[in-house]
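J.: Here you go, run-v5.cif (mmCIF, N, CA and C atoms):
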data_my_file
#
loop_
_atom_site.label_atom_id
_atom_site.label_comp_id
_atom_site.auth_asym_id
_atom_site.auth_seq_id
_atom_site.Cartn_x
_atom_site.Cartn_y
_atom_site.Cartn_z
N MET A 1 0.84 -1.18 0.00
CA MET A 1 0.00 0.00 0.00
C MET A 1 0.89 1.24 0.00
N LYS A 2 0.62 2.16 -0.88
CA LYS A 2 1.41 3.38 -1.00
C LYS A 2 0.75 4.49 -0.19
N TYR A 3 1.54 5.21 0.60
CA TYR A 3 1.03 6.31 1.41
C TYR A 3 1.49 7.62 0.82
N VAL A 4 0.59 8.57 0.72
CA VAL A 4 0.94 9.88 0.20
C VAL A 4 0.50 10.94 1.19
N GLU A 5 1.06 12.10 1.05
CA GLU A 5 0.75 13.19 1.97
C GLU A 5 -0.53 13.93 1.61
N ASP A 6 -1.09 13.67 0.46
CA ASP A 6 -2.30 14.35 0.01
C ASP A 6 -3.49 13.93 0.88
N PRO A 7 -4.11 14.86 1.61
CA PRO A 7 -5.23 14.53 2.50
C PRO A 7 -6.39 13.85 1.79
N ARG A 8 -6.54 14.06 0.51
CA ARG A 8 -7.63 13.41 -0.22
C ARG A 8 -7.46 11.90 -0.24
N GLU A 9 -6.23 11.43 -0.07
CA GLU A 9 -5.98 10.00 -0.02
C GLU A 9 -6.62 9.37 1.21
N LEU A 10 -6.92 10.17 2.23
CA LEU A 10 -7.54 9.63 3.44
C LEU A 10 -8.96 9.18 3.18
N ASP A 11 -9.56 9.61 2.07
CA ASP A 11 -10.92 9.22 1.76
C ASP A 11 -11.09 7.71 1.69
N LYS A 12 -10.03 7.01 1.32
CA LYS A 12 -10.15 5.56 1.22
C LYS A 12 -10.34 4.92 2.59
N PHE A 13 -10.06 5.65 3.68
CA PHE A 13 -10.27 5.13 5.02
C PHE A 13 -11.59 5.62 5.60
N ASP A 14 -12.33 6.42 4.85
CA ASP A 14 -13.58 6.98 5.34
C ASP A 14 -14.73 6.02 5.00
N HIS A 15 -14.70 4.85 5.60
CA HIS A 15 -15.74 3.85 5.39
C HIS A 15 -15.79 2.91 6.59
N GLN A 16 -16.76 2.05 6.60
CA GLN A 16 -16.84 1.04 7.64
C GLN A 16 -15.70 0.05 7.45
N TYR A 17 -15.18 -0.44 8.54
CA TYR A 17 -14.15 -1.47 8.48
C TYR A 17 -14.87 -2.80 8.57
N ASP A 18 -15.03 -3.44 7.41
CA ASP A 18 -15.89 -4.61 7.32
C ASP A 18 -15.16 -5.93 7.54
N SER A 19 -13.86 -5.91 7.66
CA SER A 19 -13.15 -7.17 7.81
C SER A 19 -11.81 -6.95 8.49
N GLU A 20 -11.21 -8.06 8.85
CA GLU A 20 -9.88 -7.99 9.44
C GLU A 20 -8.87 -7.41 8.46
N GLU A 21 -9.06 -7.68 7.19
CA GLU A 21 -8.16 -7.15 6.16
C GLU A 21 -8.20 -5.62 6.13
N ASP A 22 -9.38 -5.05 6.27
CA ASP A 22 -9.51 -3.59 6.33
C ASP A 22 -8.79 -3.03 7.55
N ILE A 23 -8.92 -3.72 8.67
CA ILE A 23 -8.28 -3.28 9.90
C ILE A 23 -6.76 -3.34 9.73
N GLU A 24 -6.25 -4.41 9.13
CA GLU A 24 -4.80 -4.54 8.93
C GLU A 24 -4.27 -3.44 8.01
N GLU A 25 -5.03 -3.08 7.00
CA GLU A 25 -4.63 -2.00 6.10
C GLU A 25 -4.58 -0.68 6.85
N ALA A 26 -5.57 -0.45 7.68
CA ALA A 26 -5.60 0.77 8.49
C ALA A 26 -4.46 0.78 9.50
N GLU A 27 -4.12 -0.38 10.07
CA GLU A 27 -3.00 -0.47 11.00
C GLU A 27 -1.70 -0.04 10.32
N GLU A 28 -1.51 -0.47 9.08
CA GLU A 28 -0.30 -0.08 8.34
C GLU A 28 -0.24 1.43 8.15
N TYR A 29 -1.38 2.02 7.81
CA TYR A 29 -1.43 3.47 7.65
C TYR A 29 -1.07 4.17 8.96
N LEU A 30 -1.68 3.70 10.04
CA LEU A 30 -1.42 4.32 11.35
C LEU A 30 0.03 4.17 11.75
N GLU A 31 0.61 3.02 11.48
CA GLU A 31 2.01 2.78 11.82
C GLU A 31 2.90 3.82 11.14
N SER A 32 2.55 4.19 9.92
CA SER A 32 3.37 5.15 9.18
C SER A 32 3.20 6.59 9.66
N LYS A 33 2.08 6.90 10.30
CA LYS A 33 1.79 8.30 10.67
C LYS A 33 1.81 8.58 12.17
N LEU A 34 1.40 7.62 12.98
CA LEU A 34 1.19 7.85 14.40
C LEU A 34 2.46 8.27 15.12
N TRP A 35 3.55 7.55 14.92
CA TRP A 35 4.77 7.84 15.67
C TRP A 35 5.37 9.18 15.28
N VAL A 36 5.20 9.56 14.02
CA VAL A 36 5.69 10.87 13.58
C VAL A 36 4.96 11.98 14.32
N LYS A 37 3.64 11.86 14.40
CA LYS A 37 2.86 12.90 15.07
C LYS A 37 3.14 12.92 16.57
N LEU A 38 3.24 11.75 17.18
CA LEU A 38 3.52 11.72 18.62
C LEU A 38 4.91 12.26 18.94
N GLU A 39 5.87 11.98 18.08
CA GLU A 39 7.21 12.50 18.31
C GLU A 39 7.24 14.02 18.18
N LYS A 40 6.48 14.52 17.22
CA LYS A 40 6.47 15.95 16.97
C LYS A 40 5.70 16.73 18.06
N PHE A 41 4.56 16.18 18.49
CA PHE A 41 3.68 16.92 19.40
C PHE A 41 3.47 16.23 20.75
N GLY A 42 4.02 15.04 20.94
CA GLY A 42 3.75 14.24 22.13
C GLY A 42 4.00 14.93 23.44
N LYS A 43 5.05 15.73 23.53
CA LYS A 43 5.36 16.40 24.79
C LYS A 43 4.33 17.49 25.11
N LYS A 44 3.64 17.96 24.11
CA LYS A 44 2.62 18.99 24.32
C LYS A 44 1.25 18.39 24.60
N LEU A 45 1.09 17.10 24.33
CA LEU A 45 -0.21 16.45 24.46
C LEU A 45 -0.31 15.72 25.78
N SER A 46 -1.30 16.07 26.56
CA SER A 46 -1.50 15.40 27.84
C SER A 46 -2.05 13.99 27.64
N PHE A 47 -2.58 13.70 26.48
CA PHE A 47 -3.20 12.40 26.22
C PHE A 47 -2.35 11.51 25.32
N ALA A 48 -1.07 11.81 25.19
CA ALA A 48 -0.17 11.00 24.35
C ALA A 48 -0.10 9.56 24.87
N ARG A 49 -0.08 9.39 26.18
CA ARG A 49 -0.03 8.05 26.77
C ARG A 49 -1.31 7.25 26.41
N ASP A 50 -2.44 7.93 26.34
CA ASP A 50 -3.69 7.28 25.95
C ASP A 50 -3.63 6.81 24.50
N VAL A 51 -3.05 7.62 23.64
CA VAL A 51 -2.91 7.27 22.23
C VAL A 51 -2.03 6.03 22.08
N VAL A 52 -0.95 5.97 22.83
CA VAL A 52 -0.06 4.81 22.78
C VAL A 52 -0.80 3.56 23.28
N ALA A 53 -1.58 3.69 24.35
CA ALA A 53 -2.35 2.55 24.86
C ALA A 53 -3.37 2.07 23.82
N LEU A 54 -4.01 3.00 23.15
CA LEU A 54 -4.95 2.62 22.09
C LEU A 54 -4.24 1.89 20.96
N TYR A 55 -3.06 2.35 20.61
CA TYR A 55 -2.29 1.68 19.56
C TYR A 55 -1.91 0.27 20.00
N GLN A 56 -1.49 0.11 21.25
CA GLN A 56 -1.13 -1.22 21.77
C GLN A 56 -2.36 -2.15 21.72
N TYR A 57 -3.51 -1.62 22.03
CA TYR A 57 -4.78 -2.37 21.95
C TYR A 57 -5.04 -2.79 20.50
N LEU A 58 -4.80 -1.86 19.60
CA LEU A 58 -5.04 -2.12 18.18
C LEU A 58 -4.18 -3.24 17.64
N ILE A 59 -2.94 -3.30 18.02
CA ILE A 59 -2.04 -4.32 17.46
C ILE A 59 -2.11 -5.66 18.18
N ASP A 60 -2.89 -5.73 19.25
CA ASP A 60 -3.06 -7.00 19.98
C ASP A 60 -3.89 -7.95 19.12
N ARG A 61 -3.34 -9.09 18.79
CA ARG A 61 -4.02 -10.07 17.93
C ARG A 61 -5.21 -10.74 18.61
N ASP A 62 -5.31 -10.61 19.93
CA ASP A 62 -6.41 -11.24 20.65
C ASP A 62 -7.67 -10.38 20.69
N VAL A 63 -7.58 -9.14 20.25
CA VAL A 63 -8.74 -8.24 20.23
C VAL A 63 -9.48 -8.43 18.91
N SER A 64 -10.79 -8.53 18.97
CA SER A 64 -11.59 -8.74 17.75
C SER A 64 -11.53 -7.52 16.84
N TRP A 65 -11.67 -7.78 15.57
CA TRP A 65 -11.59 -6.68 14.60
C TRP A 65 -12.74 -5.70 14.78
N HIS A 66 -13.84 -6.15 15.35
CA HIS A 66 -14.97 -5.25 15.60
C HIS A 66 -14.57 -4.15 16.59
N ARG A 67 -13.87 -4.56 17.63
CA ARG A 67 -13.41 -3.60 18.64
C ARG A 67 -12.30 -2.73 18.07
N LYS A 68 -11.44 -3.33 17.28
CA LYS A 68 -10.33 -2.59 16.68
C LYS A 68 -10.82 -1.49 15.74
N SER A 69 -11.94 -1.73 15.07
CA SER A 69 -12.44 -0.75 14.10
C SER A 69 -12.75 0.59 14.77
N ILE A 70 -13.19 0.55 16.02
CA ILE A 70 -13.48 1.78 16.77
C ILE A 70 -12.18 2.54 17.01
N VAL A 71 -11.15 1.81 17.41
CA VAL A 71 -9.85 2.42 17.70
C VAL A 71 -9.22 2.95 16.41
N VAL A 72 -9.36 2.21 15.33
CA VAL A 72 -8.81 2.66 14.04
C VAL A 72 -9.41 4.01 13.65
N GLY A 73 -10.71 4.15 13.77
CA GLY A 73 -11.36 5.42 13.43
C GLY A 73 -10.82 6.58 14.25
N ALA A 74 -10.66 6.36 15.55
CA ALA A 74 -10.16 7.42 16.42
C ALA A 74 -8.70 7.78 16.11
N LEU A 75 -7.87 6.77 15.89
CA LEU A 75 -6.45 7.04 15.63
C LEU A 75 -6.23 7.66 14.25
N ILE A 76 -7.04 7.26 13.29
CA ILE A 76 -6.92 7.90 11.97
C ILE A 76 -7.34 9.36 12.07
N TYR A 77 -8.37 9.65 12.84
CA TYR A 77 -8.75 11.05 13.05
C TYR A 77 -7.61 11.81 13.71
N PHE A 78 -6.96 11.19 14.68
CA PHE A 78 -5.85 11.83 15.38
C PHE A 78 -4.69 12.16 14.44
N VAL A 79 -4.33 11.24 13.55
CA VAL A 79 -3.18 11.49 12.68
C VAL A 79 -3.54 12.26 11.42
N SER A 80 -4.82 12.36 11.12
CA SER A 80 -5.27 13.03 9.91
C SER A 80 -4.95 14.53 9.95
N PRO A 81 -4.46 15.06 8.83
CA PRO A 81 -4.21 16.50 8.78
C PRO A 81 -5.51 17.31 8.66
N ILE A 82 -6.61 16.65 8.39
CA ILE A 82 -7.90 17.32 8.27
C ILE A 82 -8.66 17.10 9.56
N ASP A 83 -8.89 18.16 10.32
CA ASP A 83 -9.57 18.10 11.60
C ASP A 83 -10.68 19.14 11.66
N ALA A 84 -11.56 18.97 12.63
CA ALA A 84 -12.58 19.99 12.87
C ALA A 84 -11.91 21.28 13.33
N ILE A 85 -10.88 21.14 14.16
CA ILE A 85 -10.06 22.28 14.60
C ILE A 85 -8.63 21.97 14.18
N PRO A 86 -8.03 22.75 13.30
CA PRO A 86 -6.67 22.44 12.83
C PRO A 86 -5.67 22.36 13.99
N ASP A 87 -4.77 21.37 13.92
CA ASP A 87 -3.80 21.14 14.97
C ASP A 87 -2.78 22.28 15.10
N LEU A 88 -2.70 23.11 14.11
CA LEU A 88 -1.74 24.22 14.15
C LEU A 88 -2.16 25.32 15.12
N ALA A 89 -3.44 25.37 15.46
CA ALA A 89 -3.92 26.38 16.41
C ALA A 89 -3.38 26.02 17.80
N PRO A 90 -2.68 26.94 18.45
CA PRO A 90 -2.08 26.62 19.75
C PRO A 90 -3.12 26.16 20.77
N LEU A 91 -2.83 25.08 21.46
CA LEU A 91 -3.65 24.48 22.51
C LEU A 91 -5.03 24.03 22.04
N VAL A 92 -5.78 24.92 21.45
CA VAL A 92 -7.15 24.63 21.04
C VAL A 92 -7.18 23.61 19.90
N GLY A 93 -6.11 23.53 19.13
CA GLY A 93 -6.07 22.66 17.96
C GLY A 93 -6.20 21.18 18.29
N TYR A 94 -5.94 20.80 19.52
CA TYR A 94 -6.02 19.39 19.88
C TYR A 94 -7.29 19.04 20.66
N LEU A 95 -8.17 20.00 20.86
CA LEU A 95 -9.39 19.72 21.60
C LEU A 95 -10.27 18.69 20.89
N ASP A 96 -10.38 18.79 19.58
CA ASP A 96 -11.20 17.82 18.85
C ASP A 96 -10.57 16.43 18.92
N ASP A 97 -9.24 16.36 18.79
CA ASP A 97 -8.55 15.07 18.91
C ASP A 97 -8.76 14.49 20.30
N LEU A 98 -8.64 15.33 21.31
CA LEU A 98 -8.84 14.90 22.69
C LEU A 98 -10.26 14.38 22.89
N GLY A 99 -11.23 15.05 22.30
CA GLY A 99 -12.62 14.61 22.42
C GLY A 99 -12.85 13.23 21.82
N VAL A 100 -12.29 12.99 20.66
CA VAL A 100 -12.44 11.69 19.99
C VAL A 100 -11.73 10.60 20.81
N ILE A 101 -10.50 10.87 21.23
CA ILE A 101 -9.75 9.89 22.01
C ILE A 101 -10.46 9.61 23.34
N THR A 102 -10.96 10.63 24.00
CA THR A 102 -11.66 10.47 25.27
C THR A 102 -12.92 9.63 25.10
N ALA A 103 -13.64 9.85 24.02
CA ALA A 103 -14.86 9.07 23.77
C ALA A 103 -14.53 7.58 23.61
N VAL A 104 -13.46 7.28 22.90
CA VAL A 104 -13.06 5.88 22.72
C VAL A 104 -12.58 5.29 24.03
N LEU A 105 -11.82 6.06 24.80
CA LEU A 105 -11.35 5.58 26.11
C LEU A 105 -12.54 5.25 27.01
N LYS A 106 -13.52 6.11 27.00
CA LYS A 106 -14.73 5.91 27.81
C LYS A 106 -15.48 4.66 27.34
N PHE A 107 -15.58 4.49 26.04
CA PHE A 107 -16.29 3.34 25.48
C PHE A 107 -15.60 2.02 25.85
N LEU A 108 -14.27 1.98 25.71
CA LEU A 108 -13.54 0.74 25.98
C LEU A 108 -13.30 0.51 27.46
N GLY A 109 -13.28 1.57 28.24
CA GLY A 109 -13.18 1.47 29.70
C GLY A 109 -12.00 0.64 30.18
N SER A 110 -12.30 -0.28 31.08
CA SER A 110 -11.25 -1.05 31.76
C SER A 110 -10.54 -2.04 30.83
N GLU A 111 -11.06 -2.26 29.64
CA GLU A 111 -10.37 -3.13 28.67
C GLU A 111 -8.96 -2.62 28.37
N LEU A 112 -8.76 -1.31 28.51
CA LEU A 112 -7.48 -0.71 28.13
C LEU A 112 -6.42 -0.73 29.24
N ILE A 113 -6.79 -1.03 30.45
CA ILE A 113 -5.84 -0.96 31.57
C ILE A 113 -4.56 -1.75 31.31
N PRO A 114 -4.63 -2.99 30.83
CA PRO A 114 -3.38 -3.73 30.59
C PRO A 114 -2.46 -3.08 29.54
N TYR A 115 -3.03 -2.28 28.67
CA TYR A 115 -2.23 -1.66 27.60
C TYR A 115 -1.47 -0.43 28.07
N TYR A 116 -1.87 0.13 29.19
CA TYR A 116 -1.10 1.21 29.80
C TYR A 116 0.14 0.65 30.49
N GLU A 117 0.04 -0.56 30.97
CA GLU A 117 1.14 -1.19 31.68
C GLU A 117 2.24 -1.68 30.75
N ARG A 118 2.01 -1.69 29.45
CA ARG A 118 3.00 -2.15 28.48
C ARG A 118 4.01 -1.08 28.11
N ASP A 119 3.83 0.14 28.59
CA ASP A 119 4.74 1.25 28.24
C ASP A 119 6.17 0.94 28.51
#
Could I get this structure in the form of structure tokens?

T.:
Amino acid sequence: MKYVEDPRELDKFDHQYDSEEDIEEAEEYLESKLWVKLEKFGKKLSFARDVVALYQYLIDRDVSWHRKSIVVGALIYFVSPIDAIPDLAPLVGYLDDLGVITAVLKFLGSELIPYYERD
């Protein structure tokens, strides 16, 4: 799969994740983008540890693809250059990302606790 910087390429991920194959494709995309964004902005983000825990959950082979699809959507939104509030806006730019990540954390609840311990 070829990754490009053109935001329009993200449209191919704007659909339901109907299979494990779709989830694996999205995992590859996230792998290429997530660490770059966390390295660049991680020290400024209070929820960087949550993002890493979600990623650890995503790559766990014991988690069903149905559950992973929720995490994929949130993490793709996080790494996407197209946001409701652009990330370039100081402090406020990450509020939408924080909202999406918080919603997923709330939904998954205690399922994520073991993934924080893997740091």

J.: Give the answer as one residue: which of A:Val79, A:Ala53, A:Leu112, A:Leu38 has the shortest atom-to-atom distance to Asp97 (chain A), using only N, CA and C atoms?

T.: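 Ranked by minimum distance to Asp97 (chain A), first place goes to A:Val79.
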
J.: Using the chain letters and numbers from this file, what does the PyMOL selection byres ((chain A and resi 96) around 8) select? Give the answer as a list in words.

T.: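 Written out, the selection comes to Tyr77, Phe78, Asp83, Ala84, Ile85, Pro86, Leu91, Val92, Gly93, Tyr94, Leu95, Asp97, Leu98, Gly99, Val100, Ile101 and Thr102 of chain A.
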
J.: Which value, in Å to one decimal, gives the distance between CA of Glu111 (chain A) and atom C of Asp62 (chain A)?

T.: 11.1 Å

J.: Take atom N of Pro114 (chain A) and atom C of Val63 (chain A) and report the distance between them in Å, one decimal.

T.: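 Distance between the two atoms: 14.0 Å.
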
J.: Please compute the CA of Arg61 (chain A)-CA of Val36 (chain A) distance, one decimal, in Å.

T.: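 CA of Val36 (chain A) lies at a distance of 23.5 Å from CA of Arg61 (chain A).
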
J.: So which one's closest to Leu58 (chain A), A:Glu39, A:Ser80, A:Ala26, A:Ser46? Using only C-alpha atoms, please.

T.: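 Between A:Glu39, A:Ser80, A:Ala26, A:Ser46, the residue approaching Leu58 (chain A) most closely is A:Ala26.
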
J.: Please provide the set of residues having any atom within 6.5 Å of Ser69 (chain A), restricted to only N, CA and C atoms, with same-chain residues fewer than 4 positions apart removed, written as an NGL selection string.

T.: :A and (17 or 23 or 64-65 or 73-74)

J.: Have a look at A:Ile113, A:Leu88, A:Leu34, A:Leu54 and name the one nearest to Lys68 (chain A); count only C-alpha atoms.

T.: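 Comparing A:Ile113, A:Leu88, A:Leu34, A:Leu54 against Lys68 (chain A), the winner is A:Leu54.
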
J.: Ranking A:Val51, A:Leu30, A:Ile59, A:Val71 by minimum distance to Tyr116 (chain A) and counting only C-alpha atoms, which one comes first?

T.: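 The closest residue to Tyr116 (chain A) is A:Val51.
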
J.: Which residue is closest to His66 (chain A)? Choose from A:Glu117, A:Asp22, A:Glu28, A:Asp50 and count only C-alpha atoms.

T.: A:Asp22
